[in-house]
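Asker: File follows, data.pdb with PDB, C-alpha atoms, pLDDT in the B column:
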```
ATOM      1  CA  MET A 395      18.654  68.555  44.227  1.00 42.00           C
ATOM      2  CA  SER A 396      16.983  70.812  46.793  1.00 44.00           C
ATOM      3  CA  THR A 397      13.739  69.828  48.434  1.00 47.00           C
ATOM      4  CA  SER A 398      11.195  71.869  50.312  1.00 47.00           C
ATOM      5  CA  PRO A 399      10.685  71.585  54.062  1.00 48.00           C
ATOM      6  CA  GLN A 400       8.209  69.059  55.389  1.00 50.00           C
ATOM      7  CA  PRO A 401       4.643  70.403  55.601  1.00 52.00           C
ATOM      8  CA  HIS A 402       2.950  71.165  58.875  1.00 65.00           C
ATOM      9  CA  ARG A 403       1.983  67.872  60.482  1.00 77.00           C
ATOM     10  CA  VAL A 404      -1.634  67.034  61.230  1.00 89.00           C
ATOM     11  CA  SER A 405      -2.948  64.361  63.554  1.00 91.00           C
ATOM     12  CA  PRO A 406      -3.181  60.888  61.975  1.00 92.00           C
ATOM     13  CA  TRP A 407      -6.655  60.683  63.524  1.00 94.00           C
ATOM     14  CA  TRP A 408      -7.864  62.746  60.585  1.00 94.00           C
ATOM     15  CA  LEU A 409      -7.082  59.731  58.400  1.00 95.00           C
ATOM     16  CA  LEU A 410      -9.588  57.457  60.147  1.00 95.00           C
ATOM     17  CA  PRO A 411     -12.589  58.282  57.895  1.00 95.00           C
ATOM     18  CA  PRO A 412     -10.775  57.942  54.556  1.00 94.00           C
ATOM     19  CA  VAL A 413      -8.888  54.836  55.676  1.00 94.00           C
ATOM     20  CA  SER A 414     -12.184  53.271  56.780  1.00 94.00           C
ATOM     21  CA  LEU A 415     -13.709  54.021  53.372  1.00 91.00           C
ATOM     22  CA  ILE A 416     -10.666  52.545  51.657  1.00 91.00           C
ATOM     23  CA  ALA A 417     -11.013  49.360  53.733  1.00 92.00           C
ATOM     24  CA  LEU A 418     -14.677  49.072  52.769  1.00 87.00           C
ATOM     25  CA  ASN A 419     -13.792  49.628  49.124  1.00 84.00           C
ATOM     26  CA  VAL A 420     -11.188  46.855  49.218  1.00 83.00           C
ATOM     27  CA  ALA A 421     -13.631  44.489  50.934  1.00 82.00           C
ATOM     28  CA  SER A 422     -16.338  45.101  48.336  1.00 80.00           C
ATOM     29  CA  ALA A 423     -14.065  45.024  45.268  1.00 71.00           C
ATOM     30  CA  SER A 424     -14.553  41.286  44.650  1.00 65.00           C
ATOM     31  CA  SER A 425     -18.333  41.705  44.395  1.00 67.00           C
ATOM     32  CA  ALA A 426     -18.216  44.608  41.929  1.00 67.00           C
ATOM     33  CA  PRO A 427     -19.970  43.797  38.622  1.00 75.00           C
ATOM     34  CA  GLU A 428     -17.983  43.493  35.416  1.00 81.00           C
ATOM     35  CA  ARG A 429     -18.378  46.384  33.009  1.00 86.00           C
ATOM     36  CA  LYS A 430     -17.155  47.666  29.674  1.00 91.00           C
ATOM     37  CA  ASN A 431     -17.022  51.205  28.321  1.00 95.00           C
ATOM     38  CA  GLY A 432     -17.915  52.605  31.724  1.00 95.00           C
ATOM     39  CA  ILE A 433     -16.964  56.046  30.507  1.00 97.00           C
ATOM     40  CA  TYR A 434     -20.311  56.125  28.658  1.00 97.00           C
ATOM     41  CA  ASP A 435     -22.282  55.200  31.792  1.00 97.00           C
ATOM     42  CA  ALA A 436     -23.789  58.452  33.100  1.00 97.00           C
ATOM     43  CA  ASP A 437     -24.575  56.920  36.504  1.00 96.00           C
ATOM     44  CA  LEU A 438     -20.977  55.761  36.910  1.00 96.00           C
ATOM     45  CA  ILE A 439     -19.620  59.184  36.003  1.00 97.00           C
ATOM     46  CA  ALA A 440     -22.039  60.834  38.445  1.00 97.00           C
ATOM     47  CA  VAL A 441     -20.848  58.500  41.217  1.00 95.00           C
ATOM     48  CA  ALA A 442     -17.236  59.350  40.315  1.00 96.00           C
ATOM     49  CA  ALA A 443     -18.027  63.058  40.615  1.00 97.00           C
ATOM     50  CA  VAL A 444     -19.680  62.647  44.015  1.00 96.00           C
ATOM     51  CA  SER A 445     -16.834  60.439  45.276  1.00 95.00           C
ATOM     52  CA  ALA A 446     -14.210  62.934  44.138  1.00 96.00           C
ATOM     53  CA  LEU A 447     -16.009  65.836  45.791  1.00 97.00           C
ATOM     54  CA  LEU A 448     -16.335  63.877  49.037  1.00 96.00           C
ATOM     55  CA  LEU A 449     -12.617  63.048  49.064  1.00 96.00           C
ATOM     56  CA  GLY A 450     -11.481  66.551  48.196  1.00 97.00           C
ATOM     57  CA  GLY A 451     -14.081  68.175  50.423  1.00 97.00           C
ATOM     58  CA  TYR A 452     -13.026  66.068  53.391  1.00 97.00           C
ATOM     59  CA  ALA A 453      -9.367  66.963  52.838  1.00 97.00           C
ATOM     60  CA  VAL A 454     -10.196  70.675  52.792  1.00 97.00           C
ATOM     61  CA  LEU A 455     -12.485  70.403  55.842  1.00 96.00           C
ATOM     62  CA  ALA A 456      -9.966  68.409  57.873  1.00 96.00           C
ATOM     63  CA  ALA A 457      -7.183  70.848  57.002  1.00 95.00           C
ATOM     64  CA  TRP A 458      -9.385  73.795  57.941  1.00 94.00           C
ATOM     65  CA  LEU A 459     -10.303  72.251  61.306  1.00 94.00           C
ATOM     66  CA  SER A 460      -6.777  71.170  62.219  1.00 90.00           C
ATOM     67  CA  ARG A 461      -5.654  74.493  63.741  1.00 84.00           C
ATOM     68  CA  ALA A 462      -3.023  75.089  61.099  1.00 85.00           C
ATOM     69  CA  ASP A 463      -2.845  76.875  57.782  1.00 91.00           C
ATOM     70  CA  PRO A 464      -4.914  74.750  55.337  1.00 93.00           C
ATOM     71  CA  ALA A 465      -2.792  75.931  52.415  1.00 94.00           C
ATOM     72  CA  ASP A 466       0.319  74.651  54.192  1.00 94.00           C
ATOM     73  CA  ILE A 467      -1.231  71.309  55.088  1.00 95.00           C
ATOM     74  CA  LEU A 468      -2.539  70.678  51.577  1.00 97.00           C
ATOM     75  CA  ALA A 469       0.561  72.201  49.915  1.00 96.00           C
ATOM     76  CA  LEU A 470      -1.578  74.690  48.007  1.00 97.00           C
ATOM     77  CA  ARG A 471       1.387  76.855  47.135  1.00 96.00           C
ATOM     78  CA  PRO A 472       3.564  77.406  44.066  1.00 96.00           C
ATOM     79  CA  PRO A 473       6.497  75.024  43.598  1.00 97.00           C
ATOM     80  CA  ARG A 474       9.859  76.353  44.693  1.00 91.00           C
ATOM     81  CA  GLN A 475      11.585  75.366  41.469  1.00 95.00           C
ATOM     82  CA  SER A 476      11.480  77.282  38.221  1.00 97.00           C
ATOM     83  CA  LEU A 477       8.626  76.643  35.806  1.00 97.00           C
ATOM     84  CA  ARG A 478      11.012  74.868  33.437  1.00 97.00           C
ATOM     85  CA  ARG A 479      12.265  72.564  36.195  1.00 97.00           C
ATOM     86  CA  VAL A 480       8.738  71.766  37.358  1.00 98.00           C
ATOM     87  CA  ALA A 481       7.671  71.051  33.768  1.00 98.00           C
ATOM     88  CA  MET A 482      10.552  68.588  33.433  1.00 98.00           C
ATOM     89  CA  LEU A 483       9.620  66.876  36.693  1.00 98.00           C
ATOM     90  CA  VAL A 484       5.963  66.608  35.649  1.00 98.00           C
ATOM     91  CA  ALA A 485       6.930  65.229  32.229  1.00 98.00           C
ATOM     92  CA  GLY A 486       9.230  62.686  33.863  1.00 98.00           C
ATOM     93  CA  ALA A 487       6.520  61.650  36.310  1.00 98.00           C
ATOM     94  CA  VAL A 488       3.992  61.173  33.506  1.00 98.00           C
ATOM     95  CA  ALA A 489       6.494  59.137  31.502  1.00 98.00           C
ATOM     96  CA  VAL A 490       7.287  56.800  34.403  1.00 98.00           C
ATOM     97  CA  ILE A 491       3.599  56.273  35.229  1.00 98.00           C
ATOM     98  CA  VAL A 492       2.663  55.572  31.601  1.00 98.00           C
ATOM     99  CA  VAL A 493       5.595  53.215  30.976  1.00 98.00           C
ATOM    100  CA  ALA A 494       4.866  51.275  34.174  1.00 98.00           C
ATOM    101  CA  ALA A 495       1.208  50.916  33.193  1.00 97.00           C
ATOM    102  CA  LEU A 496       2.121  49.744  29.673  1.00 97.00           C
ATOM    103  CA  VAL A 497       4.623  47.196  30.993  1.00 98.00           C
ATOM    104  CA  LEU A 498       2.193  45.780  33.552  1.00 97.00           C
ATOM    105  CA  GLU A 499      -0.943  45.817  31.389  1.00 96.00           C
ATOM    106  CA  PRO A 500      -0.206  42.590  29.420  1.00 96.00           C
ATOM    107  CA  PHE A 501       0.181  40.712  32.711  1.00 96.00           C
ATOM    108  CA  LEU A 502      -2.564  42.310  34.821  1.00 96.00           C
ATOM    109  CA  HIS A 503      -5.119  43.565  32.266  1.00 94.00           C
ATOM    110  CA  ALA A 504      -5.885  46.352  34.716  1.00 93.00           C
ATOM    111  CA  GLU A 505      -7.752  48.543  32.234  1.00 91.00           C
ATOM    112  CA  ARG A 506      -9.987  45.662  31.208  1.00 89.00           C
ATOM    113  CA  GLU A 507     -10.760  44.821  34.833  1.00 90.00           C
ATOM    114  CA  GLN A 508     -11.566  48.438  35.625  1.00 92.00           C
ATOM    115  CA  GLY A 509     -13.817  48.654  32.583  1.00 93.00           C
ATOM    116  CA  ILE A 510     -13.883  52.450  32.295  1.00 95.00           C
ATOM    117  CA  THR A 511     -11.759  53.284  29.254  1.00 93.00           C
ATOM    118  CA  PRO A 512     -13.595  53.236  25.906  1.00 95.00           C
ATOM    119  CA  GLU A 513     -13.266  50.265  23.568  1.00 94.00           C
ATOM    120  CA  ARG A 514     -15.493  51.866  20.927  1.00 95.00           C
ATOM    121  CA  MET A 515     -16.546  55.318  19.808  1.00 96.00           C
ATOM    122  CA  PRO A 516     -19.571  56.927  21.510  1.00 96.00           C
ATOM    123  CA  HIS A 517     -23.053  56.967  20.007  1.00 94.00           C
ATOM    124  CA  GLY A 518     -25.785  59.568  20.379  1.00 96.00           C
ATOM    125  CA  ASN A 519     -26.022  61.004  23.898  1.00 96.00           C
ATOM    126  CA  GLU A 520     -22.852  59.147  24.869  1.00 97.00           C
ATOM    127  CA  TRP A 521     -20.907  62.083  23.450  1.00 97.00           C
ATOM    128  CA  VAL A 522     -22.314  64.255  26.246  1.00 97.00           C
ATOM    129  CA  THR A 523     -21.403  61.641  28.847  1.00 98.00           C
ATOM    130  CA  LEU A 524     -17.908  61.423  27.369  1.00 98.00           C
ATOM    131  CA  ALA A 525     -17.472  65.197  27.610  1.00 98.00           C
ATOM    132  CA  LEU A 526     -18.563  65.130  31.259  1.00 98.00           C
ATOM    133  CA  ALA A 527     -16.281  62.172  31.924  1.00 98.00           C
ATOM    134  CA  LEU A 528     -13.297  64.037  30.528  1.00 97.00           C
ATOM    135  CA  VAL A 529     -13.983  66.903  32.945  1.00 98.00           C
ATOM    136  CA  ILE A 530     -14.721  64.695  35.948  1.00 98.00           C
ATOM    137  CA  LEU A 531     -12.179  61.896  35.470  1.00 98.00           C
ATOM    138  CA  GLY A 532      -9.605  64.090  33.766  1.00 97.00           C
ATOM    139  CA  LEU A 533      -9.731  67.182  35.979  1.00 98.00           C
ATOM    140  CA  LEU A 534     -11.960  66.925  39.053  1.00 98.00           C
ATOM    141  CA  THR A 535     -10.830  63.483  40.204  1.00 98.00           C
ATOM    142  CA  PRO A 536      -7.096  64.268  39.948  1.00 98.00           C
ATOM    143  CA  LEU A 537      -7.556  67.516  41.881  1.00 98.00           C
ATOM    144  CA  CYS A 538      -9.594  65.951  44.682  1.00 98.00           C
ATOM    145  CA  GLU A 539      -7.450  62.820  44.962  1.00 98.00           C
ATOM    146  CA  GLU A 540      -4.261  64.860  45.140  1.00 98.00           C
ATOM    147  CA  LEU A 541      -5.744  67.078  47.860  1.00 98.00           C
ATOM    148  CA  LEU A 542      -6.462  63.975  49.931  1.00 98.00           C
ATOM    149  CA  PHE A 543      -3.515  61.677  49.213  1.00 98.00           C
ATOM    150  CA  ARG A 544      -0.677  64.124  48.522  1.00 98.00           C
ATOM    151  CA  GLY A 545      -2.241  66.823  50.686  1.00 97.00           C
ATOM    152  CA  LEU A 546      -3.896  65.737  53.933  1.00 97.00           C
ATOM    153  CA  ILE A 547      -2.559  62.167  54.082  1.00 97.00           C
ATOM    154  CA  PHE A 548       0.936  63.311  53.096  1.00 97.00           C
ATOM    155  CA  ALA A 549       0.936  65.849  55.927  1.00 96.00           C
ATOM    156  CA  ALA A 550      -0.229  63.256  58.459  1.00 96.00           C
ATOM    157  CA  LEU A 551       2.389  60.571  57.717  1.00 95.00           C
ATOM    158  CA  GLY A 552       5.620  62.522  58.179  1.00 92.00           C
ATOM    159  CA  ARG A 553       8.702  60.635  56.958  1.00 92.00           C
ATOM    160  CA  PHE A 554       6.483  57.810  55.686  1.00 96.00           C
ATOM    161  CA  ALA A 555       4.459  60.215  53.557  1.00 97.00           C
ATOM    162  CA  VAL A 556       5.572  59.073  50.097  1.00 98.00           C
ATOM    163  CA  LEU A 557       5.211  55.332  50.724  1.00 98.00           C
ATOM    164  CA  GLY A 558       2.184  55.542  53.005  1.00 97.00           C
ATOM    165  CA  SER A 559       0.170  57.815  50.726  1.00 98.00           C
ATOM    166  CA  ALA A 560       1.051  55.616  47.733  1.00 98.00           C
ATOM    167  CA  VAL A 561      -0.143  52.437  49.460  1.00 98.00           C
ATOM    168  CA  LEU A 562      -3.429  54.027  50.493  1.00 97.00           C
ATOM    169  CA  PHE A 563      -3.832  55.501  47.007  1.00 97.00           C
ATOM    170  CA  ALA A 564      -3.412  52.059  45.444  1.00 97.00           C
ATOM    171  CA  LEU A 565      -5.777  50.340  47.884  1.00 96.00           C
ATOM    172  CA  ALA A 566      -8.395  53.051  47.320  1.00 95.00           C
ATOM    173  CA  HIS A 567      -8.779  51.846  43.728  1.00 92.00           C
ATOM    174  CA  GLY A 568      -9.987  48.517  45.098  1.00 87.00           C
ATOM    175  CA  ILE A 569      -9.476  46.242  42.100  1.00 90.00           C
ATOM    176  CA  PRO A 570      -6.477  43.937  42.780  1.00 92.00           C
ATOM    177  CA  GLU A 571      -5.195  44.195  39.197  1.00 94.00           C
ATOM    178  CA  LEU A 572      -4.999  47.971  39.553  1.00 95.00           C
ATOM    179  CA  ILE A 573      -2.938  47.965  42.729  1.00 96.00           C
ATOM    180  CA  PRO A 574       0.573  47.519  41.179  1.00 97.00           C
ATOM    181  CA  PRO A 575       0.311  50.253  38.496  1.00 98.00           C
ATOM    182  CA  VAL A 576      -1.508  52.625  40.842  1.00 98.00           C
ATOM    183  CA  LEU A 577       1.090  51.989  43.542  1.00 98.00           C
ATOM    184  CA  VAL A 578       3.807  53.010  41.084  1.00 98.00           C
ATOM    185  CA  ALA A 579       1.786  56.105  40.182  1.00 98.00           C
ATOM    186  CA  GLY A 580       1.314  56.928  43.866  1.00 98.00           C
ATOM    187  CA  LEU A 581       5.039  56.633  44.570  1.00 98.00           C
ATOM    188  CA  VAL A 582       5.873  58.870  41.606  1.00 98.00           C
ATOM    189  CA  LEU A 583       3.253  61.469  42.519  1.00 98.00           C
ATOM    190  CA  GLY A 584       4.369  61.381  46.148  1.00 98.00           C
ATOM    191  CA  GLU A 585       7.978  61.964  45.154  1.00 98.00           C
ATOM    192  CA  LEU A 586       6.855  64.797  42.878  1.00 98.00           C
ATOM    193  CA  ARG A 587       5.036  66.304  45.849  1.00 98.00           C
ATOM    194  CA  ARG A 588       8.116  65.920  48.059  1.00 97.00           C
ATOM    195  CA  ARG A 589      10.518  67.427  45.558  1.00 97.00           C
ATOM    196  CA  THR A 590       8.395  70.421  44.575  1.00 97.00           C
ATOM    197  CA  GLY A 591       6.792  71.108  47.961  1.00 96.00           C
ATOM    198  CA  SER A 592       3.516  71.688  46.150  1.00 97.00           C
ATOM    199  CA  VAL A 593       0.441  69.639  45.320  1.00 98.00           C
ATOM    200  CA  TRP A 594      -0.091  71.391  41.966  1.00 98.00           C
ATOM    201  CA  PRO A 595       2.528  69.540  39.876  1.00 98.00           C
ATOM    202  CA  GLY A 596       0.957  66.261  40.978  1.00 98.00           C
ATOM    203  CA  VAL A 597      -2.489  67.518  39.995  1.00 98.00           C
ATOM    204  CA  VAL A 598      -1.173  68.360  36.531  1.00 98.00           C
ATOM    205  CA  ALA A 599       0.625  65.021  36.103  1.00 98.00           C
ATOM    206  CA  HIS A 600      -2.395  63.094  37.390  1.00 98.00           C
ATOM    207  CA  ALA A 601      -4.720  64.979  35.033  1.00 98.00           C
ATOM    208  CA  VAL A 602      -2.449  64.380  32.041  1.00 98.00           C
ATOM    209  CA  VAL A 603      -2.309  60.636  32.760  1.00 98.00           C
ATOM    210  CA  ASN A 604      -6.071  60.292  33.226  1.00 97.00           C
ATOM    211  CA  THR A 605      -7.026  62.432  30.236  1.00 98.00           C
ATOM    212  CA  GLY A 606      -4.332  60.933  28.034  1.00 97.00           C
ATOM    213  CA  SER A 607      -5.482  57.397  28.817  1.00 96.00           C
ATOM    214  CA  ILE A 608      -9.021  58.217  27.724  1.00 96.00           C
ATOM    215  CA  LEU A 609      -7.968  60.043  24.565  1.00 97.00           C
ATOM    216  CA  VAL A 610      -5.512  57.339  23.485  1.00 96.00           C
ATOM    217  CA  SER A 611      -8.202  54.687  23.988  1.00 95.00           C
ATOM    218  CA  LEU A 612     -10.608  56.753  21.878  1.00 96.00           C
ATOM    219  CA  LEU A 613      -8.041  57.134  19.100  1.00 95.00           C
ATOM    220  CA  THR A 614      -7.351  53.396  19.208  1.00 93.00           C
ATOM    221  CA  ALA A 615     -11.081  52.662  19.012  1.00 92.00           C
ATOM    222  CA  ALA A 616     -11.493  55.091  16.116  1.00 92.00           C
ATOM    223  CA  ALA A 617      -8.576  53.495  14.234  1.00 90.00           C
ATOM    224  CA  GLY A 618      -9.973  50.030  14.835  1.00 81.00           C
ATOM    225  CA  GLY A 619     -13.509  50.994  13.858  1.00 64.00           C
TER     226      GLY A 619
END
```
The structure in this file should be written as structure tokens.

Answerer:
Amino acid sequence: MSTSPQPHRVSPWWLLPPVSLIALNVASASSAPERKNGIYDADLIAVAAVSALLLGGYAVLAAWLSRADPADILALRPPRQSLRRVAMLVAGAVAVIVVAALVLEPFLHAEREQGITPERMPHGNEWVTLALALVILGLLTPLCEELLFRGLIFAALGRFAVLGSAVLFALAHGIPELIPPVLVAGLVLGELRRRTGSVWPGVVAHAVVNTGSILVSLLTAAAGG
């Protein structure tokens, strides 16, 4: 199978701010309060939006200031493969990520520890929060995280890009129970990035996984209620 050339390299020094934030996130994970149905918490969703914009904004700014083509650094270009081939790769990536999460969930209870996915149907104004959450967690967060992890970080790590970006991606989620499934997701998304030479297939796969997780949880809650 053909692969695209490696992206233009950027200095690893650009990774210092995000890596520092990831380290702080890991250090503070043990003191994070327990929560349930966080998807209905407007403050939590607002924080998620701000965090996503900071991550994506930093990736764009660093790429723009790095004396190279930002589109090349962040892989903001069409995949080299045909649309059908890319669709198959995205579907395969989604399947692997979902299966890994389902296999690990009974042992790690990662979703319960994260406390974001809904365990009940929304009430009143929670429908508005849910709609915003679907946009922010289902679209904005995947876009911004892919720009940082499979864009800027990928371009800075060279031959260690797939593994290195996956490890940082997993650690960025902070909660220990989330690290194994997110590491698998990071490896799959990194390989998707490597094979297609583009960040866009990873954005699509990431968005499908995030949105699908929320919608399946809602359907399960509706069936149980």

Asker: Using only C-alpha atoms, determine which residues lie at most 10 Å from Gly596 of chain A, disregarding the query and same-chain residues fewer than 2 positions distant; provide the list as a list in words.

Answerer: Leu483, Val484, Ala487, Val488, Pro536, Leu537, Glu539, Glu540, Leu541, Arg544, Gly580, Val582, Leu583, Gly584, Glu585, Leu586, Arg587, Thr590, Ser592, Val593, Trp594, Val598, Ala599, His600, Ala601 and Val602 of chain A

Asker: How many Å lie between atom CA of Val597 of chain A and atom CA of Cys538 of chain A, rounded to one decimal?

Answerer: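 Between these atoms lies a distance of 8.7 Å.
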
Asker: Using the chain letters and numbering of this document, enumerate as a ChimeraX atom specification the residues selected by the PyMOL selection byres ((chain A and resi 567-569) around 8).

Answerer: /A:416,419-424,507-508,563-566,570-573,576

Asker: Run the PyMOL selection byres ((chain A and resi 412) around 12) against the file shown and list the residues it catches, as a PyMOL selection string.

Answerer: chain A and resi 406-411+413-419+445+448-453+456+539+542-543+546-547+559+562-563+565-566

Asker: What does the distance between atom CA of Ala495 of chain A and atom CA of Phe554 of chain A come to in Å, to one decimal place?

Answerer: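 That distance, rounded to one decimal, is 24.1 Å.
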
Asker: Determine, counting all atoms listed in the file, which protein, DNA and RNA residues have an atom within 12 Å of an atom of Arg429 of chain A; residues of the same chain fewer than 4 positions away are not included. Present the result as a ChimeraX atom specification.

Answerer: /A:433-435,438,505-513

Asker: Those residues with C-alpha atoms, as a compact mmCIF listing (two decimals), keeping the file's coordinate frame please?

Answerer:
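Writing the result to part.txt gives the following:
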```txt
# COMPACT_ATOMS: atom_id res chain seq x y z
CA ILE A 433 -16.96 56.05 30.51
CA TYR A 434 -20.31 56.12 28.66
CA ASP A 435 -22.28 55.20 31.79
CA LEU A 438 -20.98 55.76 36.91
CA GLU A 505 -7.75 48.54 32.23
CA ARG A 506 -9.99 45.66 31.21
CA GLU A 507 -10.76 44.82 34.83
CA GLN A 508 -11.57 48.44 35.62
CA GLY A 509 -13.82 48.65 32.58
CA ILE A 510 -13.88 52.45 32.30
CA THR A 511 -11.76 53.28 29.25
CA PRO A 512 -13.60 53.24 25.91
CA GLU A 513 -13.27 50.26 23.57
```

Asker: Find the residue from A:His517, A:Arg589, A:Arg553, A:Arg403 that sits nearest to Ala462 of chain A; use only C-alpha atoms when measuring.

Answerer: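 Looking at the shortest contact to Ala462 of chain A, the residue is A:Arg403.
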
Asker: What is the distance between atom CA of Pro595 of chain A and atom CA of Leu447 of chain A, in Å to one decimal?

Answerer: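 Those two atoms sit 19.8 Å apart.
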
Asker: Pick from A:Leu477, A:Leu557, A:Leu531, A:Ala489: nearest to Ile439 of chain A, with all atoms listed in the file counted?

Answerer: A:Leu531
